[in-house]
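Asker: So I've got this file, input.txt, and it contains compact mmCIF, C-alpha atoms:
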```
# COMPACT_ATOMS: atom_id res chain seq x y z
CA MET A 1 -26.60 65.13 5.25
CA ASP A 2 -29.56 63.13 6.63
CA ILE A 3 -29.54 60.66 9.54
CA HIS A 4 -29.96 57.71 7.14
CA PHE A 5 -26.75 58.57 5.34
CA ILE A 6 -24.77 59.08 8.56
CA GLN A 7 -25.93 55.71 9.89
CA ARG A 8 -25.07 53.92 6.65
CA SER A 9 -21.64 55.59 6.59
CA LYS A 10 -20.88 54.05 9.99
CA LYS A 11 -22.03 50.64 8.76
CA TYR A 12 -19.56 50.69 5.85
CA ARG A 13 -16.62 52.16 7.77
CA LYS A 14 -13.25 50.47 7.26
CA SER A 15 -10.07 50.51 9.36
CA PHE A 16 -7.70 53.48 9.37
CA ILE A 17 -4.92 51.19 8.09
CA TYR A 18 -6.94 50.23 5.00
CA GLU A 19 -7.85 53.85 4.26
CA PHE A 20 -4.25 55.01 4.78
CA ILE A 21 -2.75 52.33 2.52
CA LYS A 22 -5.41 52.87 -0.14
CA ARG A 23 -4.79 56.62 -0.21
CA THR A 24 -1.01 56.09 -0.30
CA ILE A 25 -1.37 53.76 -3.28
CA ASP A 26 -3.63 56.31 -4.99
CA ILE A 27 -1.03 59.07 -4.61
CA VAL A 28 2.00 57.01 -5.65
CA VAL A 29 0.37 55.23 -8.60
CA SER A 30 -1.43 58.30 -9.99
CA LEU A 31 1.75 60.41 -9.77
CA LEU A 32 3.90 57.77 -11.47
CA ALA A 33 1.22 57.12 -14.10
CA LEU A 34 0.95 60.84 -14.92
CA ILE A 35 4.73 61.04 -15.38
CA PHE A 36 4.99 57.81 -17.40
CA LEU A 37 1.92 58.52 -19.56
CA PHE A 38 2.63 62.22 -20.14
CA PRO A 39 4.04 61.70 -23.70
CA LEU A 40 0.95 59.67 -24.64
CA MET A 41 -1.31 62.35 -23.17
CA VAL A 42 0.45 65.02 -25.24
CA VAL A 43 -0.14 62.97 -28.40
CA ILE A 44 -3.84 62.59 -27.52
CA MET A 45 -4.15 66.35 -26.95
CA ILE A 46 -2.59 67.06 -30.36
CA LEU A 47 -4.95 64.60 -32.09
CA ILE A 48 -8.00 66.12 -30.39
CA LYS A 49 -6.91 69.60 -31.44
CA ILE A 50 -6.40 68.50 -35.07
CA ASP A 51 -9.68 66.57 -35.20
CA SER A 52 -12.10 69.22 -33.93
CA LYS A 53 -12.41 72.75 -32.60
CA GLY A 54 -12.48 73.34 -28.87
CA PRO A 55 -10.45 72.65 -25.72
CA VAL A 56 -8.61 69.34 -25.33
CA LEU A 57 -9.89 68.84 -21.79
CA PHE A 58 -13.48 68.53 -20.66
CA SER A 59 -14.46 69.12 -17.04
CA GLN A 60 -17.80 68.51 -15.42
CA ASN A 61 -19.33 68.62 -11.94
CA ARG A 62 -19.65 65.18 -10.39
CA VAL A 63 -20.79 63.97 -6.97
CA GLY A 64 -18.03 62.59 -4.77
CA LYS A 65 -17.62 61.18 -1.29
CA ASN A 66 -20.31 62.29 1.17
CA GLY A 67 -22.07 64.17 -1.62
CA LYS A 68 -19.25 66.66 -2.19
CA ILE A 69 -19.25 68.21 -5.67
CA PHE A 70 -15.96 68.25 -7.57
CA ARG A 71 -14.76 68.92 -11.11
CA MET A 72 -13.92 65.71 -12.95
CA TYR A 73 -11.50 65.89 -15.90
CA LYS A 74 -11.53 63.95 -19.16
CA PHE A 75 -10.09 64.35 -22.61
CA ARG A 76 -12.80 65.91 -24.76
CA SER A 77 -14.37 63.20 -26.93
CA MET A 78 -17.44 65.12 -28.11
CA VAL A 79 -18.22 68.27 -30.06
CA THR A 80 -18.20 71.42 -27.92
CA ASN A 81 -22.01 71.87 -28.05
CA ALA A 82 -22.70 68.32 -26.88
CA GLU A 83 -24.87 69.42 -23.95
CA ASP A 84 -27.12 71.47 -26.24
CA LEU A 85 -27.51 68.54 -28.65
CA LEU A 86 -28.41 66.22 -25.75
CA LYS A 87 -31.94 67.64 -25.64
CA GLU A 88 -32.55 66.40 -29.18
CA LEU A 89 -31.30 62.90 -28.37
CA LYS A 90 -33.14 62.22 -25.10
CA ASN A 91 -35.74 60.02 -26.79
CA LYS A 92 -32.97 57.73 -28.12
CA ASN A 93 -31.57 56.87 -24.70
CA GLU A 94 -30.55 53.19 -24.41
CA MET A 95 -29.80 53.31 -20.67
CA THR A 96 -32.35 52.73 -17.93
CA GLY A 97 -32.79 55.16 -15.03
CA PRO A 98 -31.49 58.75 -15.02
CA MET A 99 -28.41 57.92 -17.11
CA PHE A 100 -28.08 58.80 -20.80
CA LYS A 101 -26.17 56.57 -23.22
CA ILE A 102 -26.54 55.57 -26.85
CA LYS A 103 -24.23 53.24 -28.73
CA HIS A 104 -23.62 55.46 -31.77
CA ASP A 105 -23.72 58.93 -30.22
CA PRO A 106 -23.50 61.49 -33.08
CA ARG A 107 -21.88 64.01 -30.73
CA VAL A 108 -18.71 61.91 -30.44
CA THR A 109 -15.78 62.99 -32.65
CA LYS A 110 -13.58 60.62 -34.70
CA VAL A 111 -10.74 60.78 -32.20
CA GLY A 112 -13.33 60.67 -29.44
CA ARG A 113 -14.57 57.25 -30.57
CA PHE A 114 -11.06 55.82 -30.33
CA ILE A 115 -10.16 57.30 -26.93
CA ARG A 116 -13.52 56.23 -25.52
CA LYS A 117 -13.20 52.66 -26.77
CA THR A 118 -9.72 52.40 -25.24
CA SER A 119 -10.70 54.44 -22.14
CA LEU A 120 -7.84 56.85 -22.90
CA ASP A 121 -10.29 59.71 -22.42
CA GLU A 122 -10.26 58.88 -18.70
CA LEU A 123 -6.50 59.48 -18.21
CA PRO A 124 -6.88 63.08 -16.91
CA GLN A 125 -8.83 61.65 -13.98
CA LEU A 126 -5.46 60.61 -12.59
CA ILE A 127 -5.26 64.29 -11.60
CA ASN A 128 -8.51 63.87 -9.66
CA VAL A 129 -7.00 60.82 -7.93
CA LEU A 130 -3.85 62.74 -7.01
CA LYS A 131 -5.94 65.61 -5.64
CA GLY A 132 -8.03 63.24 -3.53
CA ASP A 133 -11.35 63.80 -5.30
CA MET A 134 -11.26 60.22 -6.57
CA SER A 135 -9.52 56.90 -5.96
CA LEU A 136 -8.07 54.38 -8.39
CA VAL A 137 -10.85 51.98 -7.42
CA GLY A 138 -14.36 52.99 -6.45
CA PRO A 139 -17.86 53.56 -7.86
CA ARG A 140 -17.92 55.77 -10.94
CA PRO A 141 -19.01 59.33 -10.05
CA ASN A 142 -22.45 60.46 -11.18
CA LEU A 143 -23.73 63.82 -12.32
CA PRO A 144 -25.65 65.89 -9.72
CA ARG A 145 -28.86 65.62 -11.78
CA GLU A 146 -28.54 61.82 -11.74
CA VAL A 147 -27.97 61.66 -7.99
CA ARG A 148 -31.10 63.76 -7.43
CA GLU A 149 -33.10 60.90 -8.99
CA PHE A 150 -31.45 58.15 -6.89
CA ASP A 151 -33.54 55.95 -4.64
CA LYS A 152 -32.40 56.37 -1.04
CA TRP A 153 -30.47 53.08 -0.95
CA MET A 154 -28.40 54.15 -3.96
CA LEU A 155 -26.91 57.02 -1.96
CA ASP A 156 -24.83 54.45 -0.07
CA LYS A 157 -22.31 54.51 -2.93
CA LEU A 158 -21.39 58.03 -1.80
CA VAL A 159 -19.81 56.86 1.47
CA VAL A 160 -16.54 56.22 -0.41
CA ARG A 161 -14.46 58.17 -2.91
CA PRO A 162 -15.55 57.54 -6.50
CA GLY A 163 -12.98 55.74 -8.62
CA LEU A 164 -11.50 55.23 -12.06
CA THR A 165 -12.71 51.65 -12.11
CA CYS A 166 -15.02 49.30 -10.26
CA PHE A 167 -17.19 46.24 -10.96
CA TRP A 168 -19.18 48.07 -13.66
CA GLN A 169 -16.10 48.73 -15.81
CA VAL A 170 -14.86 45.14 -15.83
CA MET A 171 -18.21 43.35 -16.17
CA GLY A 172 -19.52 44.86 -19.41
CA ARG A 173 -20.78 48.38 -18.71
CA ASN A 174 -22.71 48.69 -22.01
CA SER A 175 -24.85 45.65 -21.17
CA ILE A 176 -25.56 46.53 -17.53
CA GLY A 177 -28.78 48.34 -16.58
CA PHE A 178 -28.85 51.25 -14.16
CA VAL A 179 -30.23 49.40 -11.12
CA GLN A 180 -27.73 46.55 -11.60
CA TRP A 181 -24.95 49.14 -11.87
CA MET A 182 -26.00 50.69 -8.56
CA ASN A 183 -26.15 47.25 -6.94
CA LEU A 184 -22.60 46.55 -8.12
CA ASP A 185 -21.42 49.85 -6.64
CA ILE A 186 -22.99 49.04 -3.28
CA GLU A 187 -21.45 45.56 -3.43
CA TYR A 188 -18.02 47.17 -3.80
CA VAL A 189 -18.66 49.51 -0.87
CA GLU A 190 -19.59 46.51 1.29
CA LYS A 191 -16.76 44.18 0.22
CA ARG A 192 -13.92 46.62 -0.47
CA ASN A 193 -10.43 45.62 0.67
CA LEU A 194 -6.90 45.90 -0.71
CA LYS A 195 -7.01 42.48 -2.40
CA LEU A 196 -10.25 43.32 -4.21
CA ASP A 197 -8.83 46.70 -5.25
CA MET A 198 -5.79 45.05 -6.81
CA ILE A 199 -7.94 42.47 -8.64
CA LEU A 200 -10.10 45.23 -10.13
CA ILE A 201 -7.04 47.24 -11.18
CA LEU A 202 -5.53 44.20 -12.93
CA LYS A 203 -8.81 43.41 -14.69
CA THR A 204 -9.07 47.02 -15.83
CA VAL A 205 -5.54 46.89 -17.27
CA LYS A 206 -6.58 43.76 -19.19
CA VAL A 207 -9.58 45.62 -20.62
CA PHE A 208 -7.38 48.61 -21.45
CA PHE A 209 -5.03 46.41 -23.51
CA GLY A 210 -7.64 44.91 -25.77
CA ASP A 211 -10.28 42.97 -23.88
CA ASN A 212 -13.60 44.48 -24.99
CA THR A 213 -15.56 43.36 -21.92
CA ALA A 214 -16.00 46.89 -20.65
CA SER A 215 -15.91 48.82 -23.91
```
What's the structure tokens form of this structure?

Answerer:
Amino acid sequence: MDIHFIQRSKKYRKSFIYEFIKRTIDIVVSLLALIFLFPLMVVIMILIKIDSKGPVLFSQNRVGKNGKIFRMYKFRSMVTNAEDLLKELKNKNEMTGPMFKIKHDPRVTKVGRFIRKTSLDELPQLINVLKGDMSLVGPRPNLPREVREFDKWMLDKLVVRPGLTCFWQVMGRNSIGFVQWMNLDIEYVEKRNLKLDMILILKTVKVFFGDNTAS
């Protein structure tokens, strides 16, 4: 970890009380959500299994707080050879920067389209929140290969735990360019507090129940 990152970490440091309450909320809410949503998650797993061959869960290395690598979980929404097919689709990328995203990705399965649109594919990340790899609210975690292409100022997003939701999710993620996305993440790191966290959670719930702002 370089001196720049250590200095920036000190700049963004919050009180112990905030960090303690935030982590307590993460544990309680993620645990209750996993219990309450378990029947729905079972249904999703069955649908994935019927729709296409392969495991129901997808895990991938992501970069977390202070650059720590962790395994992030999702419901599988793509065909099992999606990474191999990515090489053939690189020239169709609609996202700026090191990210890859196309609106009609041919690698996405039928069930995958639905769980992506409703963000149901993200539910297994509640396990990551419970484990402490992630938080309910925080910048979305990037792939290691993406972080390697970050400008130095973008690394500031790594001073906090990544989250299930942040500004990017509730402000129209499909229409936001990479640099703007990074700016929004840094804005959250600078402004984060319990009130803001609750506002972002409520806005995310609104999106989840039918608002297409962040679809």

Asker: Return the single residue from A:Lys110, A:Asn183, A:Ile115, A:Gly138 that is closest to Asp151 (chain A), with distances computed using only C-alpha atoms.

Answerer: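 The closest residue to Asp151 (chain A) is A:Asn183.
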
Asker: Can you tell me, as a list in words, what residues are no more than 9 Å from region 33-39 of chain A when counting only C-alpha atoms, ignoring any on the same chain fewer than 4 positions away?

Answerer: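 Within the cut-off, the hits are Val28, Val29, Val43, Ile44, Leu123, Pro124, Leu126 and Ile127 of chain A.
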
Asker: So which one's closest to Leu164 (chain A), A:Phe178, A:Phe16, A:Phe58, A:Tyr73? Using only C-alpha atoms, please.

Answerer: A:Tyr73

Asker: Please determine, counting all atoms listed in the file, which residue among A:Met182, A:Val137, A:Leu32, A:Ile27 has the shortest atom-to-atom distance to Ile199 (chain A).

Answerer: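 Going through A:Met182, A:Val137, A:Leu32, A:Ile27 one by one, the smallest distance to Ile199 (chain A) is for A:Val137.
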
Asker: Could you check the closest approach to Met72 (chain A) for each of A:Lys206, A:Arg148, A:Arg140, A:Arg192 and tell me which residue wins, using only C-alpha atoms?

Answerer: A:Arg140

Asker: Between A:Leu143, A:Val205, A:Val56, A:Val108, single out the one closest to Leu85 (chain A), counting all atoms listed in the file.

Answerer: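 Under the stated criterion, the closest residue is A:Val108.
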
Asker: Measuring atom to atom with all atoms listed in the file, identify which of A:Gly67, A:Gly112, A:Pro106, A:Gly54 is nearest to Leu89 (chain A).

Answerer: A:Pro106

Asker: List the neighbours of Lys157 (chain A) out to 6 Å using only C-alpha atoms; skip same-chain residues closer than 2 positions along the sequence, and give me the result as an NGL selection string.

Answerer: :A and (155 or 159 or 186)

Asker: Take the selection from the previous step and output its residues with C-alpha atoms, as a compact mmCIF listing (two decimals), keeping the file's coordinate frame.

Answerer:
```
# COMPACT_ATOMS: atom_id res chain seq x y z
CA LEU A 155 -26.91 57.02 -1.96
CA VAL A 159 -19.81 56.86 1.47
CA ILE A 186 -22.99 49.04 -3.28
```

Asker: So which residues touch Tyr18 (chain A) within 10 Å, counting only C-alpha atoms, skipping near sequence neighbours fewer than 6 positions away, as a ChimeraX atom specification?

Answerer: /A:24,192-194

Asker: Could you tell me how far CA of Glu122 (chain A) lies from CA of Lys74 (chain A), in Å and to one decimal?

Answerer: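 Rounded to one decimal, the two atoms are 5.2 Å apart.
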
Asker: CA of Gln60 (chain A) to CA of Leu202 (chain A): how many Å, to one decimal?

Answerer: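 Computing the Euclidean distance for CA of Gln60 (chain A) and CA of Leu202 (chain A) yields 27.3 Å.
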
Asker: So the first atom is CA of Ser52 (chain A) and the second is CA of Phe75 (chain A); what is the distance between them in Å, to one decimal place?

Answerer: 12.5 Å
